[in-house]
Amino acid sequence: MRLLEEAILANGRILDNDIIKVDSFINHQVDVKLMREIAKEVKGEFKDVDKVLTIVTSGIPYAFALAEEYGVNLVFAKKNPSRIVDLNNSYMEEIPSFTHGNISNVTVDKRFIQKGERVLIADDFLASGAAALGLINIINQAGAICVGITALIEKSFQGGRDKIEKQGYKVVTGANIIAFKDNKPIFG
């Protein structure tokens, strides 16, 4: 999506040809109009969505825009649950984070994803695919159906799309970065 690529070029920052910072328009300050425009484009890619699922926190603005576009509820998986999370009534997965360099216990209350529901996974980034694969496992635990995965920015050189598509899931991303060169993104 050219609109997102333009925003990345204008406002994104690359650190050490490794990490892209998009905090001025995606995950610290949010360009709400951009989220809505991308959600409108993505809506045509997935049919019959009952819920949108994301992980706290950076994926929430995009997932919210998608849920609003579909007219469905947004469910977000919580990282490292607190004492108020009932682990006996939650789906749980351990999910590694590339950005944070740790593993989080991610939970979703069993009341919020039901058997047979069609769930779309949405996130800000798709890199190694670990987050999406973990959320797919949670959807499967619930007996629900993953209709696909969408992310704003894909770093395809980290292989996440391939892992997910090999399992038979559709992946739609807004901007595909195939490499970083001289601290600039190369789009594919």
# chains A, B, ... in the order shown; residues from 1 in each chain; ligands from 1

$ residues_around --residues "segment 69-81 of chain A" --least-positions-apart "3" --cutoff "8 Å" --atoms "only C-alpha atoms" --output "PyMOL selection string"
chain A and resi 36+39-40+43+49-56+60+63-66+84-85+104-108+112

$ residues_around --residues "Leu126 of chain A" --least-positions-apart "5" --cutoff "12 Å" --atoms "only C-alpha atoms" --output "JSON, numbers by chain"
{"A": [54, 59, 97, 98, 99, 121, 131, 132, 133, 149, 150, 151, 152, 153, 154, 155, 156, 157, 158, 159, 160, 161, 162, 163, 164, 171, 172, 173, 174, 175, 176, 177, 178]}

$ write_last_selection --atoms "N, CA, C and O atoms" --output "compact mmCIF listing (two decimals), in the first residue's frame"
# COMPACT_ATOMS: atom_id res chain seq x y z
N THR A 54 -5.44 -9.42 18.39
CA THR A 54 -4.08 -8.89 18.37
C THR A 54 -3.44 -9.11 19.73
O THR A 54 -4.09 -9.61 20.65
N GLY A 59 -0.19 -3.48 18.35
CA GLY A 59 -1.12 -3.84 17.29
C GLY A 59 -2.53 -3.33 17.49
O GLY A 59 -3.35 -3.39 16.58
N SER A 97 9.66 -12.44 21.53
CA SER A 97 9.63 -11.12 20.91
C SER A 97 11.01 -10.77 20.37
O SER A 97 11.98 -10.73 21.12
N PHE A 98 11.07 -10.50 19.06
CA PHE A 98 12.32 -10.08 18.44
C PHE A 98 12.76 -8.73 18.99
O PHE A 98 13.90 -8.52 19.35
N THR A 99 11.81 -7.80 19.08
CA THR A 99 12.12 -6.43 19.50
C THR A 99 12.60 -6.38 20.95
O THR A 99 13.56 -5.70 21.26
N ILE A 121 -6.31 -12.28 12.62
CA ILE A 121 -5.19 -11.80 13.43
C ILE A 121 -4.65 -10.53 12.79
O ILE A 121 -4.42 -10.48 11.58
N ALA A 131 4.70 -14.22 16.73
CA ALA A 131 3.47 -13.71 17.34
C ALA A 131 2.24 -14.28 16.63
O ALA A 131 1.31 -14.76 17.28
N ALA A 132 2.23 -14.23 15.32
CA ALA A 132 1.09 -14.75 14.56
C ALA A 132 0.90 -16.24 14.80
O ALA A 132 -0.22 -16.71 15.02
N LEU A 133 1.98 -17.00 14.80
CA LEU A 133 1.87 -18.44 15.03
C LEU A 133 1.36 -18.74 16.43
O LEU A 133 0.56 -19.67 16.63
N ILE A 149 -4.00 -13.62 8.50
CA ILE A 149 -3.14 -12.73 9.27
C ILE A 149 -2.91 -11.48 8.45
O ILE A 149 -2.62 -11.55 7.25
N THR A 150 -3.01 -10.32 9.11
CA THR A 150 -2.66 -9.07 8.47
C THR A 150 -1.75 -8.29 9.40
O THR A 150 -1.91 -8.33 10.61
N ALA A 151 -0.79 -7.61 8.81
CA ALA A 151 0.12 -6.76 9.57
C ALA A 151 0.36 -5.50 8.75
O ALA A 151 0.32 -5.53 7.52
N LEU A 152 0.61 -4.43 9.46
CA LEU A 152 0.92 -3.19 8.76
C LEU A 152 2.22 -3.31 7.99
O LEU A 152 2.28 -3.04 6.80
N ILE A 153 3.29 -3.72 8.70
CA ILE A 153 4.62 -3.77 8.09
C ILE A 153 5.17 -5.18 8.18
O ILE A 153 5.20 -5.78 9.26
N GLU A 154 5.62 -5.69 7.06
CA GLU A 154 6.26 -7.01 7.00
C GLU A 154 7.74 -6.81 6.77
O GLU A 154 8.15 -6.03 5.91
N LYS A 155 8.55 -7.51 7.55
CA LYS A 155 9.99 -7.60 7.28
C LYS A 155 10.21 -9.01 6.72
O LYS A 155 10.53 -9.94 7.44
N SER A 156 10.00 -9.14 5.41
CA SER A 156 9.97 -10.47 4.79
C SER A 156 11.30 -11.19 4.86
O SER A 156 11.33 -12.42 4.81
N PHE A 157 12.39 -10.47 5.05
CA PHE A 157 13.70 -11.11 5.15
C PHE A 157 13.83 -11.92 6.44
O PHE A 157 14.79 -12.68 6.60
N GLN A 158 12.87 -11.81 7.36
CA GLN A 158 12.91 -12.60 8.59
C GLN A 158 12.06 -13.87 8.50
O GLN A 158 12.01 -14.64 9.44
N GLY A 159 11.37 -14.09 7.38
CA GLY A 159 10.77 -15.39 7.08
C GLY A 159 9.42 -15.72 7.68
O GLY A 159 8.94 -16.84 7.53
N GLY A 160 8.77 -14.79 8.34
CA GLY A 160 7.49 -15.09 8.98
C GLY A 160 6.39 -15.50 8.03
O GLY A 160 5.66 -16.46 8.27
N ARG A 161 6.26 -14.77 6.92
CA ARG A 161 5.21 -15.09 5.94
C ARG A 161 5.33 -16.54 5.47
O ARG A 161 4.33 -17.26 5.41
N ASP A 162 6.53 -16.96 5.15
CA ASP A 162 6.72 -18.33 4.65
C ASP A 162 6.23 -19.37 5.66
O ASP A 162 5.55 -20.33 5.29
N LYS A 163 6.56 -19.18 6.93
CA LYS A 163 6.13 -20.13 7.97
C LYS A 163 4.60 -20.18 8.07
O LYS A 163 4.02 -21.26 8.22
N ILE A 164 3.98 -19.03 7.99
CA ILE A 164 2.53 -18.96 8.13
C ILE A 164 1.83 -19.53 6.89
O ILE A 164 0.88 -20.32 7.01
N VAL A 171 -1.89 -14.33 4.19
CA VAL A 171 -1.20 -13.21 4.84
C VAL A 171 -1.33 -11.98 3.95
O VAL A 171 -1.04 -12.04 2.75
N VAL A 172 -1.76 -10.87 4.55
CA VAL A 172 -1.86 -9.60 3.84
C VAL A 172 -1.15 -8.54 4.67
O VAL A 172 -1.44 -8.39 5.87
N THR A 173 -0.20 -7.85 4.05
CA THR A 173 0.52 -6.79 4.76
C THR A 173 0.43 -5.49 3.98
O THR A 173 0.24 -5.48 2.77
N GLY A 174 0.59 -4.38 4.72
CA GLY A 174 0.49 -3.07 4.11
C GLY A 174 1.74 -2.64 3.38
O GLY A 174 1.68 -2.00 2.34
N ALA A 175 2.89 -2.97 3.94
CA ALA A 175 4.18 -2.62 3.33
C ALA A 175 5.14 -3.78 3.58
O ALA A 175 5.23 -4.27 4.70
N ASN A 176 5.82 -4.20 2.54
CA ASN A 176 6.76 -5.31 2.65
C ASN A 176 8.19 -4.78 2.51
O ASN A 176 8.58 -4.33 1.44
N ILE A 177 8.94 -4.86 3.59
CA ILE A 177 10.35 -4.46 3.56
C ILE A 177 11.17 -5.72 3.34
O ILE A 177 11.14 -6.65 4.14
N ILE A 178 11.90 -5.75 2.21
CA ILE A 178 12.70 -6.93 1.88
C ILE A 178 14.13 -6.83 2.40
O ILE A 178 14.83 -7.82 2.47

$ closest_residue --among "A:Leu9, A:Met35, A:Ile113, A:Ile186" --to "Ile138 of chain A" --atoms "only C-alpha atoms"
A:Ile113

$ select_by_dssp --residues "segment 120-159 of chain A" --states "strand (DSSP E)" --output "list of chain:residue names"
A:Leu120, A:Ile121, A:Ala122, A:Asp123, A:Asp124, A:Phe125, A:Leu126, A:Ile145, A:Cys146, A:Val147, A:Gly148, A:Ile149, A:Thr150, A:Ala151, A:Leu152, A:Ile153, A:Glu154, A:Lys155

$ write_last_selection --atoms "all heavy atoms" --output "CSV table (one decimal), in the first residue's frame"
chain,number,residue,atom,x,y,z
A,120,LEU,N,-9.7,-13.0,12.7
A,120,LEU,CA,-8.6,-12.4,11.9
A,120,LEU,C,-7.6,-11.9,12.8
A,120,LEU,O,-7.9,-11.2,13.8
A,120,LEU,CB,-9.2,-11.3,11.1
A,120,LEU,CG,-8.2,-10.4,10.3
A,120,LEU,CD1,-7.4,-11.3,9.2
A,120,LEU,CD2,-8.9,-9.2,9.6
A,121,ILE,N,-6.3,-12.3,12.6
A,121,ILE,CA,-5.2,-11.8,13.4
A,121,ILE,C,-4.7,-10.5,12.8
A,121,ILE,O,-4.4,-10.5,11.6
A,121,ILE,CB,-4.1,-12.9,13.5
A,121,ILE,CG1,-4.6,-14.1,14.3
A,121,ILE,CG2,-2.8,-12.3,14.2
A,121,ILE,CD1,-3.6,-15.3,14.2
A,122,ALA,N,-4.4,-9.5,13.6
A,122,ALA,CA,-3.9,-8.2,13.1
A,122,ALA,C,-2.8,-7.8,14.0
A,122,ALA,O,-2.9,-7.9,15.3
A,122,ALA,CB,-5.0,-7.2,13.1
A,123,ASP,N,-1.7,-7.2,13.5
A,123,ASP,CA,-0.6,-6.7,14.3
A,123,ASP,C,0.1,-5.6,13.5
A,123,ASP,O,-0.2,-5.4,12.4
A,123,ASP,CB,0.4,-7.9,14.5
A,123,ASP,CG,1.1,-7.7,15.9
A,123,ASP,OD1,1.0,-6.6,16.5
A,123,ASP,OD2,1.8,-8.7,16.3
A,124,ASP,N,1.0,-4.9,14.2
A,124,ASP,CA,1.7,-3.8,13.6
A,124,ASP,C,2.8,-4.4,12.7
A,124,ASP,O,3.1,-3.9,11.6
A,124,ASP,CB,2.2,-2.8,14.6
A,124,ASP,CG,3.1,-3.4,15.7
A,124,ASP,OD1,3.1,-4.6,15.9
A,124,ASP,OD2,3.8,-2.6,16.4
A,125,PHE,N,3.5,-5.5,13.1
A,125,PHE,CA,4.6,-6.1,12.4
A,125,PHE,C,4.4,-7.5,12.2
A,125,PHE,O,3.9,-8.2,13.0
A,125,PHE,CB,5.9,-5.8,13.1
A,125,PHE,CG,6.5,-4.5,13.0
A,125,PHE,CD1,6.3,-3.5,13.9
A,125,PHE,CD2,7.3,-4.2,11.9
A,125,PHE,CE1,6.8,-2.2,13.8
A,125,PHE,CE2,7.9,-2.9,11.7
A,125,PHE,CZ,7.6,-1.9,12.7
A,126,LEU,N,5.0,-8.0,11.0
A,126,LEU,CA,5.2,-9.4,10.8
A,126,LEU,C,6.6,-9.6,10.5
A,126,LEU,O,7.1,-9.0,9.5
A,126,LEU,CB,4.3,-9.9,9.6
A,126,LEU,CG,4.6,-11.3,9.1
A,126,LEU,CD1,4.4,-12.4,10.3
A,126,LEU,CD2,3.7,-11.7,7.9
A,145,ILE,N,-11.6,-20.6,14.1
A,145,ILE,CA,-11.0,-20.7,12.7
A,145,ILE,C,-10.2,-19.4,12.5
A,145,ILE,O,-10.8,-18.3,12.6
A,145,ILE,CB,-12.1,-20.9,11.7
A,145,ILE,CG1,-12.9,-22.1,11.9
A,145,ILE,CG2,-11.5,-20.8,10.3
A,145,ILE,CD1,-14.3,-22.1,11.4
A,146,CYS,N,-9.0,-19.6,12.2
A,146,CYS,CA,-8.1,-18.4,11.8
A,146,CYS,C,-8.4,-18.1,10.3
A,146,CYS,O,-8.0,-19.0,9.5
A,146,CYS,CB,-6.7,-18.7,12.1
A,146,CYS,SG,-5.6,-17.3,11.5
A,147,VAL,N,-9.0,-17.0,10.0
A,147,VAL,CA,-9.2,-16.7,8.6
A,147,VAL,C,-8.0,-16.1,7.9
A,147,VAL,O,-8.0,-16.0,6.6
A,147,VAL,CB,-10.5,-15.7,8.4
A,147,VAL,CG1,-11.7,-16.4,8.9
A,147,VAL,CG2,-10.2,-14.4,9.1
A,148,GLY,N,-7.0,-15.6,8.7
A,148,GLY,CA,-5.8,-15.1,8.1
A,148,GLY,C,-5.1,-14.2,9.0
A,148,GLY,O,-5.5,-13.9,10.1
A,149,ILE,N,-4.0,-13.6,8.5
A,149,ILE,CA,-3.1,-12.7,9.3
A,149,ILE,C,-2.9,-11.5,8.5
A,149,ILE,O,-2.6,-11.6,7.3
A,149,ILE,CB,-1.8,-13.4,9.6
A,149,ILE,CG1,-2.0,-14.6,10.5
A,149,ILE,CG2,-0.8,-12.4,10.2
A,149,ILE,CD1,-2.3,-15.9,9.9
A,150,THR,N,-3.0,-10.3,9.1
A,150,THR,CA,-2.7,-9.1,8.5
A,150,THR,C,-1.8,-8.3,9.4
A,150,THR,O,-1.9,-8.3,10.6
A,150,THR,CB,-3.9,-8.2,8.1
A,150,THR,OG1,-3.5,-7.0,7.5
A,150,THR,CG2,-4.8,-7.9,9.3
A,151,ALA,N,-0.8,-7.6,8.8
A,151,ALA,CA,0.1,-6.8,9.6
A,151,ALA,C,0.4,-5.5,8.8
A,151,ALA,O,0.3,-5.5,7.5
A,151,ALA,CB,1.4,-7.5,9.8
A,152,LEU,N,0.6,-4.4,9.5
A,152,LEU,CA,0.9,-3.2,8.8
A,152,LEU,C,2.2,-3.3,8.0
A,152,LEU,O,2.3,-3.0,6.8
A,152,LEU,CB,1.0,-2.0,9.8
A,152,LEU,CG,-0.3,-1.6,10.4
A,152,LEU,CD1,0.0,-0.6,11.6
A,152,LEU,CD2,-1.2,-1.0,9.4
A,153,ILE,N,3.3,-3.7,8.7
A,153,ILE,CA,4.6,-3.8,8.1
A,153,ILE,C,5.2,-5.2,8.2
A,153,ILE,O,5.2,-5.8,9.3
A,153,ILE,CB,5.6,-2.8,8.8
A,153,ILE,CG1,5.0,-1.4,8.7
A,153,ILE,CG2,7.0,-2.9,8.2
A,153,ILE,CD1,5.8,-0.4,9.5
A,154,GLU,N,5.6,-5.7,7.1
A,154,GLU,CA,6.3,-7.0,7.0
A,154,GLU,C,7.7,-6.8,6.8
A,154,GLU,O,8.2,-6.0,5.9
A,154,GLU,CB,5.7,-7.8,5.9
A,154,GLU,CG,6.3,-9.2,5.7
A,154,GLU,CD,5.7,-10.0,4.5
A,154,GLU,OE1,4.8,-9.5,3.9
A,154,GLU,OE2,6.2,-11.1,4.3
A,155,LYS,N,8.5,-7.5,7.5
A,155,LYS,CA,10.0,-7.6,7.3
A,155,LYS,C,10.2,-9.0,6.7
A,155,LYS,O,10.5,-9.9,7.4
A,155,LYS,CB,10.8,-7.3,8.6
A,155,LYS,CG,10.6,-5.9,9.1
A,155,LYS,CD,11.5,-5.5,10.2
A,155,LYS,CE,11.6,-6.4,11.3
A,155,LYS,NZ,12.5,-5.9,12.4

$ closest_residue --among "A:Met92, A:Lys170, A:Ala144, A:Asn137" --to "Glu117 of chain A" --atoms "only C-alpha atoms"
A:Ala144

$ closest_residue --among "A:Glu93, A:Asp16, A:Asp109, A:Asp23" --to "Ile136 of chain A" --atoms "only C-alpha atoms"
A:Glu93

$ atom_distance --atom1 "atom CA of Asn11 of chain A" --atom2 "atom CA of Gln29 of chain A"
11.5 Å

$ atom_distance --atom1 "atom CA of Lys47 of chain A" --atom2 "atom CA of Tyr91 of chain A"
24.9 Å

$ closest_residue --among "A:His28, A:Lys184, A:His100, A:Arg111" --to "Ile8 of chain A" --atoms "only C-alpha atoms"
A:Lys184
